file entry_36.txt (compact mmCIF, C-alpha atoms)
# COMPACT_ATOMS: atom_id res chain seq x y z
CA MET A 1 24.51 -51.33 13.11
CA ASN A 2 25.46 -54.59 11.40
CA LEU A 3 29.12 -53.60 11.49
CA ILE A 4 31.14 -51.57 13.97
CA LEU A 5 33.07 -49.36 11.58
CA LEU A 6 36.40 -48.29 13.03
CA ALA A 7 38.00 -45.05 11.96
CA PRO A 8 41.79 -45.21 11.58
CA ALA A 9 42.12 -43.20 14.80
CA ASP A 10 40.20 -45.93 16.68
CA VAL A 11 42.89 -48.53 15.96
CA VAL A 12 45.54 -48.37 18.67
CA SER A 13 47.55 -51.35 17.40
CA PRO A 14 46.99 -54.29 15.04
CA ARG A 15 45.32 -56.12 17.93
CA LEU A 16 43.55 -53.35 19.86
CA ALA A 17 40.87 -50.76 19.06
CA ARG A 18 39.10 -48.17 21.19
CA VAL A 19 35.68 -46.69 20.37
CA ARG A 20 34.77 -43.43 22.09
CA ASP A 21 32.03 -42.07 19.84
CA PRO A 22 28.83 -41.61 21.91
CA ARG A 23 26.55 -42.88 19.12
CA ARG A 24 28.38 -46.17 18.73
CA LEU A 25 28.74 -46.64 22.48
CA ARG A 26 25.00 -46.08 22.94
CA HIS A 27 24.26 -48.57 20.17
CA LEU A 28 26.51 -51.18 21.75
CA ARG A 29 24.73 -50.79 25.09
CA GLU A 30 21.11 -50.31 24.02
CA VAL A 31 20.82 -52.33 20.80
CA HIS A 32 23.50 -55.00 20.96
CA HIS A 33 23.28 -55.23 24.76
CA ALA A 34 26.97 -56.00 24.46
CA ARG A 35 28.96 -57.42 27.36
CA PRO A 36 32.69 -58.04 27.77
CA GLY A 37 33.52 -61.33 26.10
CA ASP A 38 31.07 -60.82 23.21
CA HIS A 39 32.43 -61.25 19.69
CA LEU A 40 31.16 -58.62 17.25
CA THR A 41 31.67 -57.84 13.57
CA LEU A 42 34.12 -55.00 13.00
CA GLY A 43 35.72 -53.34 10.01
CA ILE A 44 38.26 -50.60 9.41
CA GLU A 45 37.26 -47.70 7.19
CA ASP A 46 38.58 -48.49 3.69
CA GLY A 47 40.04 -51.70 5.09
CA GLY A 48 39.11 -55.26 5.94
CA ILE A 49 36.25 -56.84 7.87
CA GLY A 50 36.50 -59.39 10.68
CA HIS A 51 35.61 -59.86 14.31
CA GLY A 52 36.71 -58.57 17.65
CA GLU A 53 36.19 -59.47 21.28
CA LEU A 54 34.74 -56.77 23.48
CA LEU A 55 37.18 -56.36 26.36
CA SER A 56 35.42 -53.56 28.22
CA LEU A 57 32.52 -51.16 27.82
CA ASP A 58 31.53 -48.14 29.86
CA ALA A 59 29.97 -44.74 29.26
CA HIS A 60 33.18 -43.37 27.78
CA GLU A 61 34.92 -46.16 25.90
CA ALA A 62 34.70 -49.63 24.38
CA ARG A 63 37.89 -51.66 23.96
CA PHE A 64 38.16 -54.49 21.43
CA ALA A 65 40.74 -57.20 20.88
CA LEU A 66 40.91 -57.51 17.11
CA ASP A 67 41.00 -60.76 15.19
CA ALA A 68 42.26 -60.83 11.60
CA LEU A 69 40.28 -58.18 9.70
CA ASP A 70 40.95 -59.74 6.31
CA GLN A 71 37.51 -60.16 4.73
CA ALA A 72 36.73 -58.00 1.71
CA SER A 73 33.85 -55.56 1.49
CA PRO A 74 30.85 -56.43 -0.70
CA PRO A 75 31.46 -55.58 -4.38
CA PRO A 76 30.49 -52.01 -5.31
CA LEU A 77 27.90 -51.14 -7.90
CA PRO A 78 29.46 -50.17 -11.26
CA VAL A 79 27.82 -46.76 -11.16
CA HIS A 80 28.65 -43.11 -10.72
CA LEU A 81 25.47 -41.44 -9.45
CA ALA A 82 24.94 -37.79 -10.39
CA LEU A 83 22.06 -36.61 -8.24
CA ALA A 84 20.47 -33.17 -8.27
CA LEU A 85 20.89 -31.89 -4.71
CA PRO A 86 17.75 -32.87 -2.73
CA ARG A 87 16.25 -30.97 0.17
CA PRO A 88 18.41 -31.44 3.29
CA ARG A 89 16.22 -33.97 5.10
CA MET A 90 15.92 -36.07 1.96
CA LEU A 91 19.65 -35.74 1.30
CA ALA A 92 20.48 -37.37 4.63
CA ARG A 93 18.28 -40.40 3.93
CA THR A 94 19.42 -40.68 0.32
CA LEU A 95 23.10 -40.69 1.25
CA GLU A 96 22.50 -43.54 3.67
CA HIS A 97 20.37 -45.53 1.20
CA VAL A 98 22.69 -45.28 -1.79
CA THR A 99 25.72 -46.06 0.36
CA ALA A 100 24.03 -49.17 1.71
CA LEU A 101 23.24 -50.23 -1.86
CA GLY A 102 26.90 -50.00 -2.90
CA VAL A 103 27.31 -46.64 -4.66
CA LYS A 104 30.93 -45.51 -4.34
CA GLU A 105 30.97 -42.42 -6.57
CA LEU A 106 28.39 -39.69 -6.06
CA THR A 107 28.13 -36.18 -7.50
CA LEU A 108 25.62 -33.78 -5.96
CA LEU A 109 24.55 -31.55 -8.81
CA ASN A 110 22.99 -28.11 -9.09
CA THR A 111 20.07 -27.72 -11.50
CA ARG A 112 17.48 -25.03 -12.18
CA ARG A 113 14.93 -26.54 -9.78
CA VAL A 114 17.36 -27.02 -6.89
CA GLU A 115 16.64 -24.36 -4.25
CA LYS A 116 19.68 -22.12 -3.71
CA SER A 117 19.23 -22.42 0.05
CA TYR A 118 19.98 -26.15 -0.10
CA TRP A 119 23.63 -25.38 -0.80
CA GLN A 120 23.91 -23.57 2.54
CA SER A 121 22.56 -26.52 4.52
CA PRO A 122 24.68 -27.88 7.39
CA GLU A 123 23.99 -31.32 5.89
CA LEU A 124 26.56 -30.49 3.20
CA THR A 125 29.48 -30.08 5.59
CA ALA A 126 32.15 -32.75 5.23
CA ASP A 127 31.49 -34.06 8.76
CA LYS A 128 27.73 -34.40 8.18
CA ILE A 129 28.17 -36.15 4.84
CA HIS A 130 30.73 -38.51 6.36
CA ALA A 131 28.36 -39.33 9.23
CA HIS A 132 25.58 -40.35 6.83
CA LEU A 133 27.98 -42.42 4.73
CA VAL A 134 29.10 -44.24 7.87
CA LEU A 135 25.49 -45.11 8.72
CA GLY A 136 25.03 -46.58 5.25
CA LEU A 137 28.22 -48.61 5.50
CA GLU A 138 27.29 -49.94 8.93
CA GLN A 139 23.90 -51.03 7.62
CA ALA A 140 25.39 -52.88 4.64
CA ARG A 141 28.39 -54.35 6.48
CA ASP A 142 30.75 -52.49 4.17
CA THR A 143 33.94 -50.51 4.79
CA ALA A 144 34.70 -48.86 1.42
CA MET A 145 33.92 -45.17 1.90
CA PRO A 146 32.15 -43.52 -1.07
CA LYS A 147 33.57 -40.42 -2.71
CA VAL A 148 31.16 -37.47 -2.78
CA THR A 149 31.78 -34.37 -4.90
CA LEU A 150 29.74 -31.18 -5.20
CA ALA A 151 28.98 -29.68 -8.61
CA LYS A 152 27.46 -26.27 -7.92
CA GLY A 153 27.17 -25.25 -11.58
CA PHE A 154 25.18 -27.24 -14.12
CA ARG A 155 26.86 -25.79 -17.21
CA PRO A 156 30.44 -26.36 -15.92
CA PHE A 157 29.47 -29.92 -15.00
CA VAL A 158 28.11 -30.64 -18.48
CA GLU A 159 30.94 -28.93 -20.33
CA ASP A 160 33.95 -29.81 -18.17
CA GLU A 161 33.17 -32.95 -16.18
CA LEU A 162 30.54 -34.92 -18.06
CA PRO A 163 32.69 -35.80 -21.11
CA GLY A 164 35.28 -37.45 -18.88
CA LEU A 165 32.63 -39.33 -16.91
CA LEU A 166 31.21 -40.70 -20.16
CA ASP A 167 34.58 -41.78 -21.55
CA ASP A 168 34.23 -45.28 -20.13
CA ARG A 169 30.64 -45.28 -18.86
CA ARG A 170 27.19 -45.64 -20.32
CA GLY A 171 25.19 -42.50 -19.60
CA LEU A 172 21.59 -42.94 -18.42
CA LEU A 173 19.32 -39.98 -17.76
CA ALA A 174 16.36 -40.90 -15.55
CA HIS A 175 13.52 -38.51 -16.30
CA PRO A 176 9.72 -38.84 -16.58
CA GLY A 177 8.42 -39.04 -20.14
CA MET A 178 11.58 -40.46 -21.71
CA PRO A 179 10.89 -42.94 -24.53
CA THR A 180 12.95 -45.87 -23.22
CA GLU A 181 12.09 -48.06 -20.24
CA CYS A 182 14.77 -48.43 -17.60
CA PRO A 183 16.89 -51.48 -18.45
CA ARG A 184 17.39 -54.34 -16.03
CA GLY A 185 20.41 -56.23 -14.76
CA ILE A 186 23.20 -54.39 -16.54
CA HIS A 187 26.84 -54.90 -15.61
CA GLU A 188 28.70 -52.24 -17.55
CA PRO A 189 30.09 -49.08 -15.90
CA THR A 190 27.31 -46.51 -15.83
CA LEU A 191 26.72 -42.85 -15.13
CA LEU A 192 23.19 -42.45 -13.75
CA LEU A 193 21.73 -38.94 -13.65
CA VAL A 194 18.68 -38.23 -11.50
CA GLY A 195 16.98 -34.83 -11.30
CA PRO A 196 15.39 -32.92 -8.43
CA GLU A 197 11.77 -32.82 -7.31
CA GLY A 198 10.00 -31.63 -10.46
CA GLY A 199 12.71 -33.08 -12.68
CA PHE A 200 15.25 -31.50 -14.99
CA ILE A 201 14.03 -28.58 -17.08
CA PRO A 202 13.82 -29.21 -20.87
CA TRP A 203 17.06 -27.30 -21.61
CA GLU A 204 18.94 -29.47 -19.10
CA VAL A 205 17.51 -32.65 -20.64
CA GLU A 206 18.59 -31.47 -24.09
CA ARG A 207 22.13 -30.72 -22.92
CA LEU A 208 22.51 -34.08 -21.20
CA GLN A 209 21.17 -35.98 -24.18
CA ALA A 210 23.38 -34.02 -26.56
CA ALA A 211 26.37 -35.06 -24.43
CA GLY A 212 25.50 -38.72 -24.99
CA CYS A 213 23.14 -39.67 -22.15
CA GLN A 214 20.20 -41.94 -22.96
CA GLY A 215 16.84 -40.95 -21.50
CA ILE A 216 15.05 -43.66 -19.48
CA HIS A 217 11.92 -43.84 -17.34
CA LEU A 218 10.49 -45.99 -14.54
CA GLY A 219 6.90 -45.87 -15.74
CA PRO A 220 3.99 -43.45 -15.40
CA ARG A 221 4.26 -42.91 -11.63
CA ILE A 222 6.05 -39.83 -10.32
CA LEU A 223 8.25 -40.86 -7.40
CA ARG A 224 10.06 -38.97 -4.68
CA VAL A 225 13.77 -38.67 -5.35
CA GLU A 226 14.84 -41.09 -2.60
CA THR A 227 12.33 -43.68 -3.84
CA ALA A 228 13.28 -43.20 -7.49
CA VAL A 229 17.02 -43.55 -6.80
CA THR A 230 16.53 -46.75 -4.82
CA ALA A 231 14.22 -48.20 -7.50
CA LEU A 232 16.61 -47.28 -10.30
CA LEU A 233 19.65 -48.83 -8.62
CA ALA A 234 17.77 -52.00 -7.71
CA ARG A 235 16.45 -52.39 -11.25
CA LEU A 236 19.63 -51.49 -13.09
CA PHE A 237 22.06 -53.59 -11.08

call {"tool": "encode", "arguments": {"input": "entry_36.txt", "output": "structure tokens"}}
result
Amino acid sequence: MNLILLAPADVVSPRLARVRDPRRLRHLREVHHARPGDHLTLGIEDGGIGHGELLSLDAHEARFALDALDQASPPPLPVHLALALPRPRMLARTLEHVTALGVKELTLLNTRRVEKSYWQSPELTADKIHAHLVLGLEQARDTAMPKVTLAKGFRPFVEDELPGLLDDRRGLLAHPGMPTECPRGIHEPTLLLVGPEGGFIPWEVERLQAAGCQGIHLGPRILRVETAVTALLARLF
């Protein structure tokens, strides 16, 4: 935890915050070995970053005197990531990884090869998603909370949502066997589409390309989704 991320409810006044979440309290005790008088990096969700002095810490609460939390978050990546819904365990890790890398807009997408049971996973509850996003923000010392949307129908996504997403973005479809190598170091706003384990089916690839998405590849190796997403983001931006 490189940043103690404060929820709005944690901030009692402009100069005082209380943390009562067991996970963060345990981290303060067991990882930071924090003691009253220590100065730690804090940030407010969707707000600024700064420092605070630990006033007290026990099994139930940590109290901080806040300094000016006026530092900006790291710049976000200029990307909207549309990711075929991974299996629940992989989803948790992927949410944390892409958040740490700076993705601020994420659509979890249904495709033919996404198991129907994945959509009933507890990992898709708002609280679970938020918890994984928080872990990614803490890792990256960031406070800007990503926006996650669920697209449970592929056809409605392509017909109703994709045209608007491509209005001011370059569309890139990451899929094995595409003719174009993944570009490097781009700066323009981008929509990046990544399929499930096994990839998009041919009909889905055709629909996405017909909508204006350019097919790209990472080479001959077939990667797990979480590895492919991290490699794509690192290479593109």

call {"tool": "closest_residue", "arguments": {"input": "entry_36.txt", "among": "A:Ala100, A:Ala211, A:Ile4, A:Ile49", "to": "Phe157 (chain A)", "atoms": "only C-alpha atoms"}}
result
A:Ala211

call {"tool": "residues_around", "arguments": {"input": "entry_36.txt", "residues": "Trp203 (chain A)", "least_positions_apart": "5", "cutoff": "10 Å", "atoms": "all atoms listed in the file", "output": "short mmCIF file (atom, residue, chain, number, x, y, z; two decimals) with C-alpha atoms, keeping the file's coordinate frame"}}
result
data_model
loop_
_atom_site.label_atom_id
_atom_site.label_comp_id
_atom_site.auth_asym_id
_atom_site.auth_seq_id
_atom_site.Cartn_x
_atom_site.Cartn_y
_atom_site.Cartn_z
CA ARG A 112 17.48 -25.03 -12.18
CA LEU A 208 22.51 -34.08 -21.20
CA GLN A 209 21.17 -35.98 -24.18
#

call {"tool": "closest_atom_pairs", "arguments": {"input": "entry_36.txt", "of": "region 113-167 of chain A", "to": "region 181-192 of chain A", "cutoff": "10 Å", "atoms": "only C-alpha atoms", "output": "Markdown table"}}
result
| residue | atom | partner | partner_atom | distance |
| --- | --- | --- | --- | --- |
| A:Leu162 | CA | A:Leu191 | CA | 9.3 |
| A:Leu165 | CA | A:Leu191 | CA | 7.1 |
| A:Leu166 | CA | A:Leu191 | CA | 7.1 |

call {"tool": "atom_distance", "arguments": {"input": "entry_36.txt", "atom1": "CA of Ala131 (chain A)", "atom2": "CA of Val79 (chain A)"}}
result
21.7 Å

call {"tool": "residues_around", "arguments": {"input": "entry_36.txt", "residues": "His217 (chain A)", "least_positions_apart": "2", "cutoff": "8 Å", "atoms": "all atoms listed in the file", "output": "list of chain:residue names"}}
result
A:Ala174, A:His175, A:Pro176, A:Gly177, A:Met178, A:Pro179, A:Thr180, A:Glu181, A:Cys182, A:Gly215, A:Gly219

call {"tool": "closest_residue", "arguments": {"input": "entry_36.txt", "among": "A:Thr41, A:Gln139, A:Ser13, A:Thr227", "to": "Glu96 (chain A)", "atoms": "only C-alpha atoms"}}
result
A:Gln139

call {"tool": "closest_residue", "arguments": {"input": "entry_36.txt", "among": "A:Leu54, A:Leu124, A:Glu105, A:Arg170", "to": "Arg29 (chain A)", "atoms": "only C-alpha atoms"}}
result
A:Leu54

call {"tool": "axis_aligned_box", "arguments": {"input": "entry_36.txt", "around": "region 109-119 of chain A", "padding_each_side": "8 Å", "output": "JSON"}}
result
{"center_x": 19.7, "center_y": -26.8, "center_z": -6.1, "size_x": 25.6, "size_y": 25.4, "size_z": 28.2}

call {"tool": "atom_distance", "arguments": {"input": "entry_36.txt", "atom1": "CA of Ala7 (chain A)", "atom2": "CA of Gly43 (chain A)"}}
result
8.8 Å

call {"tool": "closest_residue", "arguments": {"input": "entry_36.txt", "among": "A:Val103, A:Ser121, A:Gly153, A:Asp168", "to": "Met90 (chain A)", "atoms": "all atoms listed in the file"}}
result
A:Ser121

call {"tool": "residues_around", "arguments": {"input": "entry_36.txt", "residues": "Leu106 (chain A)", "least_positions_apart": "4", "cutoff": "9 Å", "atoms": "all atoms listed in the file", "output": "number ranges by chain"}}
result
A: 79-83, 146-150

call {"tool": "atom_distance", "arguments": {"input": "entry_36.txt", "atom1": "CA of Leu173 (chain A)", "atom2": "CA of Lys104 (chain A)"}}
result
18.6 Å
